[in-house]
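Pasted below: query13.pdb, PDB, C-alpha atoms and all ligand atoms.
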MODEL        1
ATOM      1  CA  ALA A  19     -54.286  52.771   6.631
ATOM      2  CA  ILE A  20     -50.576  53.086   5.848
ATOM      3  CA  LEU A  21     -49.457  56.479   7.109
ATOM      4  CA  ASP A  22     -46.602  58.692   5.906
ATOM      5  CA  ILE A  23     -43.444  58.503   8.010
ATOM      6  CA  VAL A  24     -41.862  61.820   9.055
ATOM      7  CA  THR A  25     -38.149  61.609   8.243
ATOM      8  CA  TYR A  26     -35.048  63.328   9.636
ATOM      9  CA  PRO A  27     -34.306  66.291   9.718
ATOM     10  CA  ASN A  28     -38.000  67.268   9.873
ATOM     11  CA  LYS A  29     -38.521  69.466  12.952
ATOM     12  CA  ILE A  30     -41.699  67.542  13.828
ATOM     13  CA  LEU A  31     -39.407  64.818  15.193
ATOM     14  CA  LYS A  32     -38.032  67.267  17.773
ATOM     15  CA  GLN A  33     -41.379  67.854  19.462
ATOM     16  CA  ILE A  34     -42.064  66.621  22.997
ATOM     17  CA  SER A  35     -45.090  64.337  22.757
ATOM     18  CA  LYS A  36     -47.953  64.820  25.237
ATOM     19  CA  PRO A  37     -49.335  62.130  27.549
ATOM     20  CA  VAL A  38     -52.375  60.219  26.281
ATOM     21  CA  GLU A  39     -55.444  61.142  28.355
ATOM     22  CA  ARG A  40     -58.291  59.338  26.589
ATOM     23  CA  PHE A  41     -58.050  55.638  25.811
ATOM     24  CA  ASP A  42     -60.776  55.920  23.195
ATOM     25  CA  SER A  43     -61.562  54.563  19.727
ATOM     26  CA  GLU A  44     -59.593  57.387  18.113
ATOM     27  CA  LEU A  45     -56.457  56.170  19.931
ATOM     28  CA  HIS A  46     -57.250  52.579  18.894
ATOM     29  CA  LYS A  47     -57.585  53.602  15.236
ATOM     30  CA  LEU A  48     -54.213  55.391  15.388
ATOM     31  CA  LEU A  49     -52.531  52.354  16.987
ATOM     32  CA  ASP A  50     -53.995  50.095  14.279
ATOM     33  CA  ASP A  51     -52.815  52.439  11.491
ATOM     34  CA  MET A  52     -49.366  52.695  13.121
ATOM     35  CA  TYR A  53     -49.097  48.898  13.182
ATOM     36  CA  GLU A  54     -50.103  48.558   9.517
ATOM     37  CA  THR A  55     -47.529  51.242   8.658
ATOM     38  CA  MET A  56     -44.720  49.726  10.749
ATOM     39  CA  ILE A  57     -45.223  46.261   9.244
ATOM     40  CA  ALA A  58     -45.497  47.631   5.694
ATOM     41  CA  LYS A  59     -42.141  49.401   6.143
ATOM     42  CA  ASN A  60     -40.361  46.441   7.833
ATOM     43  CA  GLY A  61     -40.114  48.209  11.181
ATOM     44  CA  ILE A  62     -39.840  46.635  14.635
ATOM     45  CA  GLY A  63     -40.650  49.831  16.530
ATOM     46  CA  LEU A  64     -42.586  53.010  15.802
ATOM     47  CA  ALA A  65     -43.489  56.090  17.904
ATOM     48  CA  ALA A  66     -46.615  58.162  17.145
ATOM     49  CA  ILE A  67     -44.522  61.273  16.446
ATOM     50  CA  GLN A  68     -43.015  59.419  13.478
ATOM     51  CA  VAL A  69     -46.421  59.572  11.803
ATOM     52  CA  GLY A  70     -46.814  63.182  12.922
ATOM     53  CA  VAL A  71     -48.978  62.633  16.038
ATOM     54  CA  PRO A  72     -47.278  64.150  19.146
ATOM     55  CA  ILE A  73     -48.729  61.792  21.778
ATOM     56  CA  ARG A  74     -46.840  59.438  24.085
ATOM     57  CA  ALA A  75     -47.734  56.196  22.315
ATOM     58  CA  LEU A  76     -45.404  53.695  20.652
ATOM     59  CA  LEU A  77     -45.347  50.171  19.227
ATOM     60  CA  ILE A  78     -42.732  47.429  19.538
ATOM     61  CA  ASP A  79     -42.971  44.115  17.693
ATOM     62  CA  LEU A  80     -39.744  42.090  17.672
ATOM     63  CA  GLY A  81     -41.524  39.036  16.282
ATOM     64  CA  ASP A  82     -41.283  35.446  17.598
ATOM     65  CA  GLU A  83     -38.306  33.031  17.453
ATOM     66  CA  GLU A  84     -38.572  32.905  13.659
ATOM     67  CA  GLY A  85     -38.827  36.696  13.620
ATOM     68  CA  LYS A  86     -42.467  36.511  12.539
ATOM     69  CA  GLN A  87     -44.363  39.625  13.656
ATOM     70  CA  SER A  88     -48.031  39.460  14.652
ATOM     71  CA  LYS A  89     -50.517  40.996  17.087
ATOM     72  CA  ASP A  90     -49.413  38.249  19.520
ATOM     73  CA  THR A  91     -45.879  39.671  19.689
ATOM     74  CA  LEU A  92     -46.971  43.324  19.382
ATOM     75  CA  ILE A  93     -46.536  45.519  22.474
ATOM     76  CA  GLU A  94     -48.590  48.751  22.499
ATOM     77  CA  VAL A  95     -46.937  51.176  24.931
ATOM     78  CA  ILE A  96     -48.708  54.311  26.179
ATOM     79  CA  ASN A  97     -47.271  56.903  28.593
ATOM     80  CA  PRO A  98     -44.127  54.840  29.345
ATOM     81  CA  GLU A  99     -41.936  55.621  32.385
ATOM     82  CA  PHE A 100     -38.602  54.026  33.260
ATOM     83  CA  LEU A 101     -38.607  52.786  36.869
ATOM     84  CA  GLU A 102     -35.136  51.185  36.832
ATOM     85  CA  TRP A 103     -32.215  50.932  34.437
ATOM     86  CA  ASP A 104     -28.757  49.364  34.589
ATOM     87  CA  GLY A 105     -25.885  47.885  32.626
ATOM     88  CA  SER A 106     -24.759  48.920  29.212
ATOM     89  CA  LEU A 107     -24.791  47.449  25.737
ATOM     90  CA  LYS A 108     -24.133  48.568  22.196
ATOM     91  CA  TYR A 109     -26.518  47.776  19.377
ATOM     92  CA  ASN A 110     -26.604  48.566  15.655
ATOM     93  CA  GLU A 111     -29.766  50.664  15.415
ATOM     94  CA  GLY A 112     -31.872  51.851  12.498
ATOM     95  CA  CYS A 113     -35.006  53.972  12.402
ATOM     96  CA  LEU A 114     -37.836  54.323   9.898
ATOM     97  CA  SER A 115     -37.358  58.091  10.223
ATOM     98  CA  VAL A 116     -33.666  57.876   9.271
ATOM     99  CA  PRO A 117     -33.821  55.584   6.233
ATOM    100  CA  ASP A 118     -30.701  53.807   4.958
ATOM    101  CA  TYR A 119     -28.566  54.693   7.988
ATOM    102  CA  PHE A 120     -27.601  52.237  10.733
ATOM    103  CA  ASP A 121     -25.050  52.704  13.491
ATOM    104  CA  GLU A 122     -24.003  51.507  16.897
ATOM    105  CA  VAL A 123     -25.610  53.218  19.899
ATOM    106  CA  GLU A 124     -24.837  52.577  23.583
ATOM    107  CA  ARG A 125     -27.893  52.036  25.770
ATOM    108  CA  TYR A 126     -28.844  50.467  29.133
ATOM    109  CA  LYS A 127     -28.786  46.650  29.033
ATOM    110  CA  LYS A 128     -31.831  46.284  31.326
ATOM    111  CA  VAL A 129     -34.771  48.608  32.009
ATOM    112  CA  LYS A 130     -37.945  48.278  34.087
ATOM    113  CA  VAL A 131     -40.746  50.121  32.277
ATOM    114  CA  LYS A 132     -44.213  51.095  33.520
ATOM    115  CA  PHE A 133     -46.769  51.841  30.787
ATOM    116  CA  PHE A 134     -50.451  51.569  29.911
ATOM    117  CA  ASP A 135     -52.093  49.488  27.182
ATOM    118  CA  ARG A 136     -54.794  50.672  24.785
ATOM    119  CA  PHE A 137     -57.499  50.138  27.424
ATOM    120  CA  GLY A 138     -55.658  52.155  30.086
ATOM    121  CA  LYS A 139     -54.498  49.080  32.020
ATOM    122  CA  GLU A 140     -51.102  49.502  33.736
ATOM    123  CA  HIS A 141     -48.232  47.098  32.953
ATOM    124  CA  ILE A 142     -44.715  46.831  34.381
ATOM    125  CA  VAL A 143     -42.138  45.027  32.231
ATOM    126  CA  ASP A 144     -38.504  44.069  32.795
ATOM    127  CA  ALA A 145     -36.805  44.395  29.423
ATOM    128  CA  GLU A 146     -33.304  43.254  28.473
ATOM    129  CA  ASP A 147     -31.126  43.383  25.374
ATOM    130  CA  LEU A 148     -33.027  44.017  22.125
ATOM    131  CA  LEU A 149     -36.339  44.699  23.887
ATOM    132  CA  SER A 150     -34.565  47.092  26.241
ATOM    133  CA  VAL A 151     -32.999  48.882  23.271
ATOM    134  CA  ALA A 152     -36.383  49.143  21.575
ATOM    135  CA  PHE A 153     -38.041  50.691  24.650
ATOM    136  CA  GLN A 154     -35.207  53.241  24.969
ATOM    137  CA  HIS A 155     -35.043  54.031  21.244
ATOM    138  CA  GLU A 156     -38.820  54.553  20.931
ATOM    139  CA  THR A 157     -39.184  56.468  24.214
ATOM    140  CA  ASP A 158     -36.435  58.811  22.992
ATOM    141  CA  HIS A 159     -38.737  59.723  20.095
ATOM    142  CA  LEU A 160     -41.417  60.835  22.605
ATOM    143  CA  ASP A 161     -38.897  63.343  23.979
ATOM    144  CA  GLY A 162     -37.875  64.591  20.527
ATOM    145  CA  HIS A 163     -34.666  62.575  20.180
ATOM    146  CA  VAL A 164     -33.531  60.470  17.204
ATOM    147  CA  PHE A 165     -30.846  57.775  17.647
ATOM    148  CA  ILE A 166     -28.240  59.632  15.560
ATOM    149  CA  GLU A 167     -28.108  62.279  18.333
ATOM    150  CA  ARG A 168     -26.648  59.557  20.568
ATOM    151  CA  LEU A 169     -23.734  58.700  18.304
ATOM    152  CA  ASP A 170     -20.283  59.526  19.578
ATOM    153  CA  TYR A 171     -18.380  62.288  17.836
ATOM    154  CA  ILE A 172     -16.570  60.068  15.320
ATOM    155  CA  LYS A 173     -19.757  58.223  14.319
ATOM    156  CA  ARG A 174     -21.613  61.535  14.078
ATOM    157  CA  LYS A 175     -19.054  62.755  11.558
ATOM    158  CA  LYS A 176     -19.492  59.527   9.584
ATOM    159  CA  PHE A 177     -23.267  60.061   9.611
ATOM    160  CA  GLU A 178     -23.014  63.619   8.339
ATOM    161  CA  LYS A 179     -20.759  62.550   5.482
ATOM    162  CA  GLU A 180     -22.980  59.607   4.506
ATOM    163  CA  TRP A 181     -26.191  61.589   4.897
ATOM    164  CA  LYS A 182     -25.017  64.152   2.309
ATOM    165  CA  LYS A 183     -24.280  61.330  -0.159
ATOM    166  CA  LEU A 184     -27.684  59.773   0.507
ATOM    167  CA  LEU A 185     -29.437  63.101  -0.137
ATOM    168  CA  LYS A 186     -27.620  63.536  -3.467
ATOM    169  CA  LYS A 187     -28.577  59.995  -4.457
ATOM    170  CA  ARG A 188     -32.219  60.693  -3.569
ATOM    171  CA  LYS A 189     -32.335  64.062  -5.360
ATOM    172  CA  LYS A 190     -31.628  62.437  -8.765
TER     173      LYS A 190
HETATM  174  C1  LIG B   1     -33.259  50.778   3.716
HETATM  175  C2  LIG B   1     -33.781  51.113   5.077
HETATM  176  O1  LIG B   1     -33.783  52.213   5.540
HETATM  177  O2  LIG B   1     -34.265  50.051   5.748
HETATM  178  C3  LIG B   1     -34.767  50.169   7.017
HETATM  179  C4  LIG B   1     -34.297  51.002   8.053
HETATM  180  C5  LIG B   1     -34.868  50.908   9.342
HETATM  181  C6  LIG B   1     -35.866  49.970   9.548
HETATM  182  C7  LIG B   1     -36.525  49.795  10.858
HETATM  183  C8  LIG B   1     -36.030  50.280  11.990
HETATM  184  C9  LIG B   1     -36.794  50.090  13.243
HETATM  185  O3  LIG B   1     -37.831  49.466  13.268
HETATM  186  N1  LIG B   1     -36.262  50.649  14.355
HETATM  187  C10 LIG B   1     -36.948  50.557  15.618
HETATM  188  C11 LIG B   1     -36.006  50.984  16.727
HETATM  189  C12 LIG B   1     -35.069  49.897  17.094
HETATM  190  C13 LIG B   1     -33.793  49.879  16.571
HETATM  191  C14 LIG B   1     -32.890  48.880  16.945
HETATM  192  C15 LIG B   1     -33.281  47.875  17.840
HETATM  193  C16 LIG B   1     -34.578  47.900  18.360
HETATM  194  C17 LIG B   1     -35.473  48.907  17.977
HETATM  195  C18 LIG B   1     -36.351  49.166   8.522
HETATM  196  C19 LIG B   1     -35.797  49.307   7.265
HETATM  197  O4  LIG B   1     -36.316  48.615   6.213
HETATM  198  C20 LIG B   1     -35.673  47.471   5.804
HETATM  199  C21 LIG B   1     -36.208  46.849   4.554
HETATM  200  O5  LIG B   1     -34.737  47.016   6.465
HETATM  201 CO    CO B   2     -36.841  55.371  15.575
ENDMDL
END
The structure given in the file should be rewritten as structure tokens.
Ligand SMILES: CC(=O)Oc1ccc(/C=C/C(=O)NCCc2ccccc2)cc1OC(C)=O
Ligand SMILES: [Co+2]
Amino acid sequence: AILDIVTYPNKILKQISKPVERFDSELHKLLDDMYETMIAKNGIGLAAIQVGVPIRALLIDLGDEEGKQSKDTLIEVINPEFLEWDGSLKYNEGCLSVPDYFDEVERYKKVKVKFFDRFGKEHIVDAEDLLSVAFQHETDHLDGHVFIERLDYIKRKKFEKEWKKLLKKRKK
């Protein structure tokens, strides 16, 4: 099913999501619905809190070389933990919960992430560049953070100005 996406500034997005304890069919159904939703909305990453479920589960699907997304390129990430991080890079981020706004955010260039898959099997992944950004952006959601909170002061001011315009445009 395609689920509704919670959008900024809804307070739901500020919740701290709880670790997944049961890798059961209910979790699998949620992950499947999240994937259908993410693809329908042209997303490449989605955290459970963005569909209103405060559990530490997220999806990343950057697609293959042609950018084609499928279950083969999908990564289902449950209870992620960063083991290592280094370097720095800037990337123009967007978020399904902050529609129509994109801006540059500074993140770690490389991260080593430990997480579990939908069957409770542990994985450790070294991520760089776009995949590293995706892990950091989505894990932020699990701790109640949205990427616009990481903008520097100048960019934050730009966001606030643009966001007001966007709201007016939507209200009509
Ligand atoms: C108009 C509008 O709001 O468009 C979109 C905004 C965001 C997104 C998706 C954002 C997304 O998947 N972010 C995941 C986090 C992430 C950001 C940067 C790099 C890695 C991971 C898609 C939109 O839809 C279209 C048609 O482009
Ligand atoms: Co996001």
### Query
Residues at most 7 Å from ligand LIG 1 (chain B), using only C-alpha atoms and all ligand atoms? Could they come as a PyMOL selection string?
chain A and resi 59-64+109-114+116-119+148-149+151-152+155-156
### Task
Rounded to one decimal place, report the atom CA of Leu48 of chain A-atom CA of Ile23 of chain A distance in Å.
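Separation between atom CA of Leu48 of chain A and atom CA of Ile23 of chain A: 13.4 Å.
Summary of the local environment: counting all atoms listed in the file, residues at most 6 Å from Thr91 of chain A, other than itself and those fewer than 2 positions away along its chain, are A:Asp79, A:Gly81, A:Ser88, A:Lys89.
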## Note on the structure
Across A:Arg40, A:Lys173, A:His163, A:Arg188, the smallest distance to ligand CO 2 (chain B), with all atoms listed in the file counted, is shown by A:His163
As a check of understanding, name the residues that the PyMOL selection byres (((chain A and resi 160-162) around 6) and not hetatm) selects in the supplied structure, as a compact mmCIF listing (two decimals) with C-alpha atoms, in the frame of the given file.
# COMPACT_ATOMS: atom_id res chain seq x y z
CA LEU A 31 -39.41 64.82 15.19
CA LYS A 32 -38.03 67.27 17.77
CA GLN A 33 -41.38 67.85 19.46
CA ILE A 34 -42.06 66.62 23.00
CA SER A 35 -45.09 64.34 22.76
CA ARG A 74 -46.84 59.44 24.08
CA THR A 157 -39.18 56.47 24.21
CA ASP A 158 -36.44 58.81 22.99
CA HIS A 159 -38.74 59.72 20.10
CA HIS A 163 -34.67 62.58 20.18
### For atom CA of Leu49 of chain A and atom CA of Glu84 of chain A, the interatomic separation in Å (one decimal)
24.2 Å
